[in-house]
>>> print(open('entry38.csv').read())   # CSV, C-alpha atoms (C1' of nucleotides)
chain,number,residue,atom,x,y,z
A,12,MET,CA,120.3,108.5,134.5
A,13,PRO,CA,122.9,109.7,132.2
A,14,GLU,CA,126.2,111.4,133.1
A,15,LEU,CA,129.7,110.7,132.0
A,16,ALA,CA,130.1,107.1,133.3
A,17,GLU,CA,126.4,106.1,132.7
A,18,VAL,CA,126.7,107.2,129.1
A,19,GLU,CA,129.9,105.2,128.7
A,20,PHE,CA,128.1,102.1,130.1
A,21,ILE,CA,125.0,102.6,128.1
A,22,ARG,CA,127.0,103.0,124.9
A,23,LYS,CA,128.1,99.4,125.2
A,24,ARG,CA,124.6,98.1,125.3
A,25,TRP,CA,124.6,98.2,121.5
A,26,ASN,CA,127.9,96.3,121.2
A,27,PRO,CA,126.1,93.1,120.3
A,28,GLY,CA,125.2,94.8,117.1
A,29,LEU,CA,128.7,95.6,116.0
A,30,GLY,CA,129.6,94.1,112.6
A,31,HIS,CA,126.0,93.3,111.7
A,32,PRO,CA,123.8,94.9,109.1
A,33,VAL,CA,120.6,96.7,109.8
A,34,THR,CA,117.7,95.1,108.0
A,35,ARG,CA,114.9,97.4,109.0
A,36,ILE,CA,114.3,100.7,110.9
A,37,LEU,CA,111.4,102.0,112.9
A,38,VAL,CA,111.2,105.7,113.7
A,39,HIS,CA,108.7,107.9,115.5
A,40,GLU,CA,109.1,110.7,112.9
A,41,LYS,CA,107.3,113.3,115.0
A,42,ALA,CA,109.2,112.7,118.2
A,43,GLY,CA,111.0,115.7,119.6
A,44,VAL,CA,114.2,113.7,119.9
A,45,PHE,CA,114.7,114.3,116.1
A,46,ARG,CA,114.6,118.0,116.4
A,47,GLY,CA,117.1,119.4,113.9
A,48,THR,CA,117.5,116.1,112.0
A,49,ASP,CA,115.5,114.4,109.3
A,50,PRO,CA,114.3,111.0,110.6
A,51,ALA,CA,113.1,109.9,107.2
A,52,LEU,CA,116.6,110.5,105.7
A,53,LEU,CA,118.2,108.7,108.6
A,54,ALA,CA,115.9,105.7,108.2
A,55,LYS,CA,116.5,105.5,104.5
A,56,ARG,CA,120.3,105.7,104.7
A,57,LEU,CA,120.8,103.4,107.6
A,58,ARG,CA,118.8,100.6,106.1
A,59,HIS,CA,121.3,97.9,105.0
A,60,ALA,CA,124.1,99.8,106.8
A,61,THR,CA,126.5,98.0,109.1
A,62,LEU,CA,127.3,99.2,112.6
A,63,VAL,CA,131.1,99.3,112.7
A,64,SER,CA,132.1,101.2,115.9
A,65,SER,CA,131.0,103.5,118.7
A,66,ALA,CA,132.4,106.0,121.1
A,67,ALA,CA,131.2,108.1,124.0
A,68,ALA,CA,132.3,111.7,124.9
A,69,ALA,CA,130.8,113.8,127.7
A,70,LYS,CA,127.1,112.9,127.7
A,71,GLN,CA,127.0,112.0,124.0
A,72,MET,CA,127.5,108.9,121.9
A,73,LEU,CA,128.5,108.4,118.3
A,74,PHE,CA,127.7,105.2,116.4
A,75,ARG,CA,129.5,104.8,113.0
A,76,PHE,CA,128.0,102.9,110.2
A,77,THR,CA,129.2,101.8,106.8
A,78,LEU,CA,126.4,102.1,104.2
A,79,ALA,CA,125.9,99.5,101.5
A,80,ASP,CA,127.8,101.8,99.0
A,81,GLY,CA,130.7,102.2,101.4
A,82,THR,CA,129.8,105.6,102.6
A,83,ALA,CA,130.4,106.4,106.3
A,84,ALA,CA,127.5,107.6,108.4
A,85,ASP,CA,127.3,108.8,112.0
A,86,LEU,CA,124.4,108.4,114.4
A,87,GLY,CA,124.6,110.7,117.4
A,88,VAL,CA,122.7,110.0,120.6
A,89,HIS,CA,122.2,112.2,123.6
A,90,LEU,CA,120.2,110.6,126.4
A,91,GLY,CA,118.8,113.8,128.0
A,92,MET,CA,117.2,113.0,131.3
A,93,THR,CA,115.4,109.7,130.6
A,94,GLY,CA,117.0,108.3,127.4
A,95,GLU,CA,118.0,104.6,127.3
A,96,LEU,CA,119.7,102.3,124.8
A,97,THR,CA,119.0,98.6,124.9
A,98,ALA,CA,119.6,95.6,122.7
A,99,GLN,CA,116.5,93.5,122.5
A,100,PRO,CA,115.9,90.0,121.1
A,101,ALA,CA,114.7,89.5,117.5
A,102,GLY,CA,110.9,89.9,117.4
A,103,TYR,CA,110.9,92.7,119.9
A,104,THR,CA,107.6,94.5,120.2
A,105,PRO,CA,108.1,98.3,120.3
A,106,LEU,CA,106.9,100.3,123.3
A,107,LYS,CA,105.4,103.8,123.2
A,108,ALA,CA,108.6,105.6,124.1
A,109,ASP,CA,110.8,103.7,121.6
A,110,HIS,CA,111.6,106.4,119.1
A,111,LEU,CA,114.3,104.7,117.0
A,112,ILE,CA,114.8,101.0,116.5
A,113,LEU,CA,117.5,99.5,114.3
A,114,ILE,CA,116.5,96.0,113.5
A,115,GLN,CA,119.2,93.4,112.8
A,116,ARG,CA,118.8,89.8,112.0
A,117,GLU,CA,119.3,88.6,115.6
A,118,ARG,CA,118.4,91.7,117.7
A,119,ALA,CA,116.8,95.1,117.8
A,120,LEU,CA,118.9,98.1,118.9
A,121,VAL,CA,116.5,100.4,120.7
A,122,PHE,CA,116.6,104.1,121.7
A,123,SER,CA,113.8,105.1,124.0
A,124,ASP,CA,113.1,108.3,125.9
A,125,PHE,CA,109.7,109.1,127.4
A,126,ARG,CA,110.5,112.7,128.3
A,127,MET,CA,112.2,113.4,125.0
A,128,PHE,CA,114.9,115.7,126.3
A,129,GLY,CA,117.3,113.4,124.5
A,130,ARG,CA,118.4,113.9,121.0
A,131,ILE,CA,119.2,111.9,117.9
A,132,GLN,CA,121.5,113.4,115.2
A,133,PHE,CA,122.7,112.1,111.9
A,134,ALA,CA,125.5,112.9,109.5
A,135,LEU,CA,126.9,111.4,106.2
A,136,GLY,CA,130.5,111.2,105.2
A,137,PRO,CA,133.9,110.3,106.6
A,138,GLU,CA,134.4,113.5,108.5
A,139,PHE,CA,133.2,113.6,112.1
A,140,PRO,CA,130.3,116.1,112.3
A,141,ALA,CA,130.6,119.4,114.2
A,142,TRP,CA,128.2,118.2,117.0
A,143,TRP,CA,130.8,115.6,117.8
A,144,THR,CA,134.1,117.4,117.3
A,145,ALA,CA,132.9,120.5,119.2
A,146,ILE,CA,132.7,118.5,122.4
A,147,ALA,CA,135.2,119.9,124.9
A,148,PRO,CA,138.3,117.7,125.6
A,149,PRO,CA,137.8,115.1,128.3
A,150,ILE,CA,138.4,115.9,131.9
A,151,LEU,CA,140.9,113.1,132.1
A,152,SER,CA,142.9,114.4,129.1
A,153,PRO,CA,146.0,116.5,129.3
A,154,ALA,CA,144.0,119.5,128.1
A,155,PHE,CA,142.2,119.7,131.4
A,156,THR,CA,144.9,121.6,133.5
A,157,PRO,CA,144.8,123.5,136.8
A,158,ALA,CA,145.4,126.6,134.7
A,159,ALA,CA,142.4,126.0,132.5
A,160,LEU,CA,140.3,125.4,135.5
A,161,SER,CA,141.5,128.7,137.2
A,162,ALA,CA,140.9,130.7,134.0
A,163,PHE,CA,137.4,129.4,133.7
A,164,LEU,CA,136.5,130.1,137.4
A,165,ALA,CA,137.8,133.6,136.9
A,166,ARG,CA,135.6,134.2,133.9
A,167,ARG,CA,132.5,132.9,135.9
A,168,ALA,CA,133.6,134.7,139.0
A,169,ARG,CA,130.2,135.8,140.3
A,170,ALA,CA,128.2,132.6,139.6
A,171,PRO,CA,127.8,129.9,142.3
A,172,ILE,CA,130.4,127.2,141.8
A,173,LYS,CA,127.7,124.5,141.5
A,174,PRO,CA,126.1,125.6,138.2
A,175,VAL,CA,129.5,126.5,136.9
A,176,LEU,CA,130.5,122.8,137.2
A,177,LEU,CA,127.6,121.9,135.0
A,178,MET,CA,128.9,123.9,132.1
A,179,GLN,CA,129.7,121.3,129.4
A,180,GLU,CA,132.1,123.7,127.6
A,181,ARG,CA,134.6,123.2,130.4
A,182,PHE,CA,133.4,120.1,132.3
A,183,PRO,CA,132.2,117.7,129.7
A,184,GLY,CA,130.1,114.9,131.1
A,185,ILE,CA,129.7,116.4,134.6
A,186,GLY,CA,126.0,116.4,135.7
A,187,ASN,CA,124.0,117.1,138.8
A,188,TRP,CA,125.1,114.2,141.0
A,189,MET,CA,128.8,114.4,139.9
A,190,ALA,CA,128.9,118.1,140.6
A,191,ASP,CA,127.5,117.6,144.1
A,192,GLU,CA,129.9,114.7,144.7
A,193,ILE,CA,132.9,116.8,143.6
A,194,LEU,CA,132.0,119.7,145.8
A,195,TRP,CA,131.3,117.5,148.8
A,196,ARG,CA,134.7,115.8,148.5
A,197,ALA,CA,136.5,119.2,147.9
A,198,ALA,CA,134.6,120.7,151.0
A,199,ILE,CA,133.3,123.6,149.0
A,200,HIS,CA,129.8,125.1,149.5
A,201,PRO,CA,127.8,124.9,146.2
A,202,ARG,CA,126.8,128.6,146.6
A,203,GLN,CA,130.4,129.7,146.9
A,204,PRO,CA,131.1,132.2,144.0
A,205,ALA,CA,133.4,130.6,141.5
A,206,GLY,CA,135.8,133.5,141.6
A,207,SER,CA,136.2,133.4,145.4
A,208,LEU,CA,137.8,130.0,145.7
A,209,THR,CA,141.1,130.1,147.6
A,210,ALA,CA,144.2,128.6,145.9
A,211,ALA,CA,143.9,125.6,148.2
A,212,GLU,CA,140.2,125.1,147.2
A,213,GLN,CA,141.0,125.3,143.6
A,214,LYS,CA,143.7,122.7,144.0
A,215,ASN,CA,141.2,120.4,145.8
A,216,LEU,CA,138.5,121.1,143.3
A,217,TYR,CA,140.9,120.1,140.4
A,218,ARG,CA,141.9,116.9,142.1
A,219,GLU,CA,138.3,115.9,143.0
A,220,ILE,CA,136.9,116.7,139.5
A,221,ARG,CA,139.5,114.3,138.0
A,222,GLY,CA,139.1,111.8,140.9
A,223,VAL,CA,135.3,111.6,140.6
A,224,ALA,CA,135.5,111.3,136.8
A,225,ARG,CA,138.1,108.6,137.0
A,226,ARG,CA,136.4,106.6,139.7
A,227,ALA,CA,133.0,106.9,138.1
A,228,LEU,CA,134.3,105.6,134.8
A,229,SER,CA,136.2,102.7,136.4
A,230,THR,CA,133.1,101.6,138.4
A,231,ILE,CA,129.8,102.8,137.0
A,232,GLY,CA,131.3,102.9,133.5
A,233,GLU,CA,132.0,99.2,133.7
A,234,THR,CA,129.0,97.8,135.6
A,235,LEU,CA,126.5,100.5,136.1
A,236,ALA,CA,126.6,99.6,139.8
A,237,ASP,CA,125.7,102.3,142.3
A,238,PRO,CA,128.8,103.9,144.0
A,239,PRO,CA,129.5,102.7,147.6
A,240,LYS,CA,128.0,104.1,150.8
A,241,SER,CA,131.2,106.1,151.4
A,242,TRP,CA,130.2,108.4,148.5
A,243,LEU,CA,127.6,111.2,148.8
A,244,PHE,CA,125.7,109.5,145.9
A,245,PRO,CA,123.7,106.9,147.8
A,246,HIS,CA,122.6,109.5,150.4
A,247,ARG,CA,121.8,112.5,148.3
A,248,TRP,CA,118.2,111.7,147.5
A,249,GLU,CA,117.1,109.8,150.6
A,250,ASP,CA,115.0,111.5,153.2
A,251,GLY,CA,116.9,112.3,156.3
A,252,GLY,CA,120.1,111.5,154.5
A,253,ARG,CA,123.4,112.0,156.4
A,254,CYS,CA,126.9,112.9,155.3
A,255,PRO,CA,129.0,109.7,155.2
A,256,LYS,CA,132.0,111.7,156.5
A,257,THR,CA,130.5,113.7,159.4
A,258,LYS,CA,127.3,111.7,160.0
A,259,THR,CA,125.4,115.0,160.2
A,260,PRO,CA,122.3,115.8,158.2
A,261,LEU,CA,122.6,116.8,154.5
A,262,ALA,CA,121.1,120.0,153.2
A,263,ARG,CA,119.2,120.4,149.9
A,264,ALA,CA,118.3,123.6,148.0
A,265,ASP,CA,117.7,124.8,144.5
A,266,ILE,CA,121.0,126.4,143.2
A,267,GLY,CA,121.1,127.6,139.6
A,268,GLY,CA,117.9,125.8,138.8
A,269,ARG,CA,118.9,122.4,140.0
A,270,THR,CA,118.7,120.7,143.3
A,271,ALA,CA,122.0,120.7,145.1
A,272,CYS,CA,122.8,118.5,148.0
A,273,TRP,CA,125.7,119.2,150.4
A,274,SER,CA,127.0,118.6,153.9
A,275,PRO,CA,126.8,121.9,155.9
A,276,ALA,CA,129.2,120.5,158.4
A,277,ARG,CA,132.1,120.3,155.9
A,278,GLN,CA,131.0,122.7,153.1
A,279,LYS,CA,130.9,126.3,154.5
A,280,LEU,CA,130.4,129.6,152.7
A,281,HIS,CA,133.2,132.1,153.2
A,282,PRO,CA,133.9,135.7,151.9
B,1,DT,C1',96.8,119.0,143.3
B,2,DC,C1',101.6,119.7,143.7
B,3,DC,C1',106.1,118.4,143.7
B,4,DT,C1',110.1,116.1,142.0
B,5,DA,C1',113.4,114.1,138.4
B,6,DT,C1',121.6,112.1,136.8
B,7,DG,C1',119.7,118.0,130.8
B,8,DT,C1',120.0,121.5,127.4
B,9,DT,C1',118.6,125.8,125.2
B,10,DG,C1',116.4,130.1,124.1
B,11,DT,C1',115.5,134.6,126.0
B,12,DA,C1',115.7,138.5,129.0
B,13,DT,C1',118.4,141.4,131.8
B,14,DG,C1',122.4,143.5,133.7
C,14,DA,C1',129.7,141.2,123.5
C,15,DC,C1',129.6,138.8,127.8
C,16,DA,C1',127.9,136.8,132.1
C,17,DT,C1',124.1,135.5,134.6
C,18,DA,C1',119.3,133.9,135.7
C,19,DC,C1',115.3,131.5,134.6
C,20,DA,C1',111.5,129.6,132.0
C,21,DA,C1',110.5,126.1,128.7
C,22,DC,C1',110.7,121.7,126.8
C,23,DA,C1',107.6,116.6,128.1
C,24,DT,C1',106.3,112.8,131.1
C,25,DA,C1',105.8,109.7,135.0
C,26,DG,C1',105.5,108.8,139.7
C,27,DG,C1',105.3,109.9,144.8
>>> encode(input="entry38.csv", output="structure tokens")
Amino acid sequence: MPELAEVEFIRKRWNPGLGHPVTRILVHEKAGVFRGTDPALLAKRLRHATLVSSAAAAKQMLFRFTLADGTAADLGVHLGMTGELTAQPAGYTPLKADHLILIQRERALVFSDFRMFGRIQFALGPEFPAWWTAIAPPILSPAFTPAALSAFLARRARAPIKPVLLMQERFPGIGNWMADEILWRAAIHPRQPAGSLTAAEQKNLYREIRGVARRALSTIGETLADPPKSWLFPHRWEDGGRCPKTKTPLARADIGGRTACWSPARQKLHP
DNA sequence: TCCTATGTTGTATG
DNA sequence: ACATACAACATAGG
């Protein structure tokens, strides 16, 4: 379930472990979530380390530890499609899809992911690793300007706008449901070529990208509660779903390899 | 059996 | 080199 705001919420699931040392670690060394990292090294170094802080950016999380010798270490988590973080009581019995468990005296911090599209990364030292610092600046930061949006749309001119919104290099944290929500609010057809948006559409798109990100973070990011019925979100997967604005039937199709959902009554293709 | 799933990445093609 | 399209990754559930 993880896009921008879900990731921010799920990050906080490990908050009960802040300030506490890890006493023991369980890893599924052969799990695909460790591709590109050495799970044995991770397990060795994080034993007796203390979790000191965490952060979320785009769809990724970073957990910082202080090792017994004072060294800093960073654990990166990407949830992929089905990744989860939970904090479980002491004595927790691991399940099949639990690939990394950090055991503390009073709890177990669990990463599970049955599909294994998620990813665990690990780095030692005080500098933040490249896989963290390379994440694009947040949509709600001053770096995300109308000019930056326009320039990006121009460079992706022939591609349908929907898959363009999924590009993390410019829209960090936007995923399939947020992209559909944004286009629905901005009244732009998901197949509209990115380079063919009018000035008015670009303005609306900019506003809705920021608006959906802000509202998602302030609601889902705090409680994980589903957005209200006035959003596209609760209707996009239901059979016979209707647009909350026009009450007309929603349409669904594969666009750029993902299922897009839109309201034909308010999102029309134009030259 | 076949289809779907809130994601990324490697490869082929233009 | 760059933009675009698409298969592949792995698993559960309808």
>>> residues_near_point(input="entry38.csv", point="(115.4, 129.0, 136.5)", cutoff="9 Å", atoms="only C-alpha atoms (C1' of nucleotides)", output="ChimeraX atom specification")
/A:267-269 /C:18-20
>>> interface_residues(input="entry38.csv", of="chain A", to="chain B", cutoff="6 Å", atoms="all atoms listed in the file", output="list in words")
Met12, Pro13, Glu14, Gly91, Met92, Asn187 and Trp188 of chain A
>>> closest_residue(input="entry38.csv", among="A:Val63, A:Ala165, A:Ala119, A:Leu106", to="chain C", atoms="only C-alpha atoms (C1' of nucleotides)")
A:Ala165
>>> atom_distance(input="entry38.csv", atom1="atom CA of Pro255 of chain A", atom2="atom CA of Pro204 of chain A")
25.2 Å
>>> residues_around(input="entry38.csv", residues="segment 198-200 of chain A", least_positions_apart="4", cutoff="7 Å", atoms="only C-alpha atoms (C1' of nucleotides)", output="NGL selection string")
:A and (194 or 277-280)
>>> interface_residues(input="entry38.csv", of="chain A", to="chain C", cutoff="8 Å", atoms="all atoms listed in the file", output="list in words")
Phe125, Arg126, Met127, Phe128, Arg167, Ala170, Gly267 and Gly268 of chain A
>>> closest_residue(input="entry38.csv", among="A:Ser152, A:Thr230, A:Ser123, A:Gln179", to="Thr97 of chain A", atoms="all atoms listed in the file")
A:Ser123
>>> atom_distance(input="entry38.csv", atom1="atom CA of Thr34 of chain A", atom2="atom CA of Glu19 of chain A")
26.1 Å
>>> residues_around(input="entry38.csv", residues="Gly47 of chain A", least_positions_apart="4", cutoff="10 Å", atoms="all atoms listed in the file", output="list in words")
Gly43, Arg130, Ile131, Gln132 and Phe133 of chain A
>>> residues_around(input="entry38.csv", residues="Asn26 of chain A", least_positions_apart="5", cutoff="10 Å", atoms="all atoms listed in the file", output="list of chain:residue names")
A:Ile21, A:Leu62, A:Val63, A:Ser64, A:Ser65, A:Thr97, A:Ala98, A:Leu120
>>> atom_distance(input="entry38.csv", atom1="atom CA of Asp237 of chain A", atom2="atom CA of Lys70 of chain A")
18.1 Å
>>> closest_residue(input="entry38.csv", among="A:Ala262, A:Ile114, A:Ala145, A:Leu151", to="Val223 of chain A", atoms="only C-alpha atoms")
A:Leu151
>>> closest_residue(input="entry38.csv", among="A:Arg118, A:Arg166, A:Arg22, A:Arg218", to="Arg196 of chain A", atoms="all atoms listed in the file")
A:Arg218
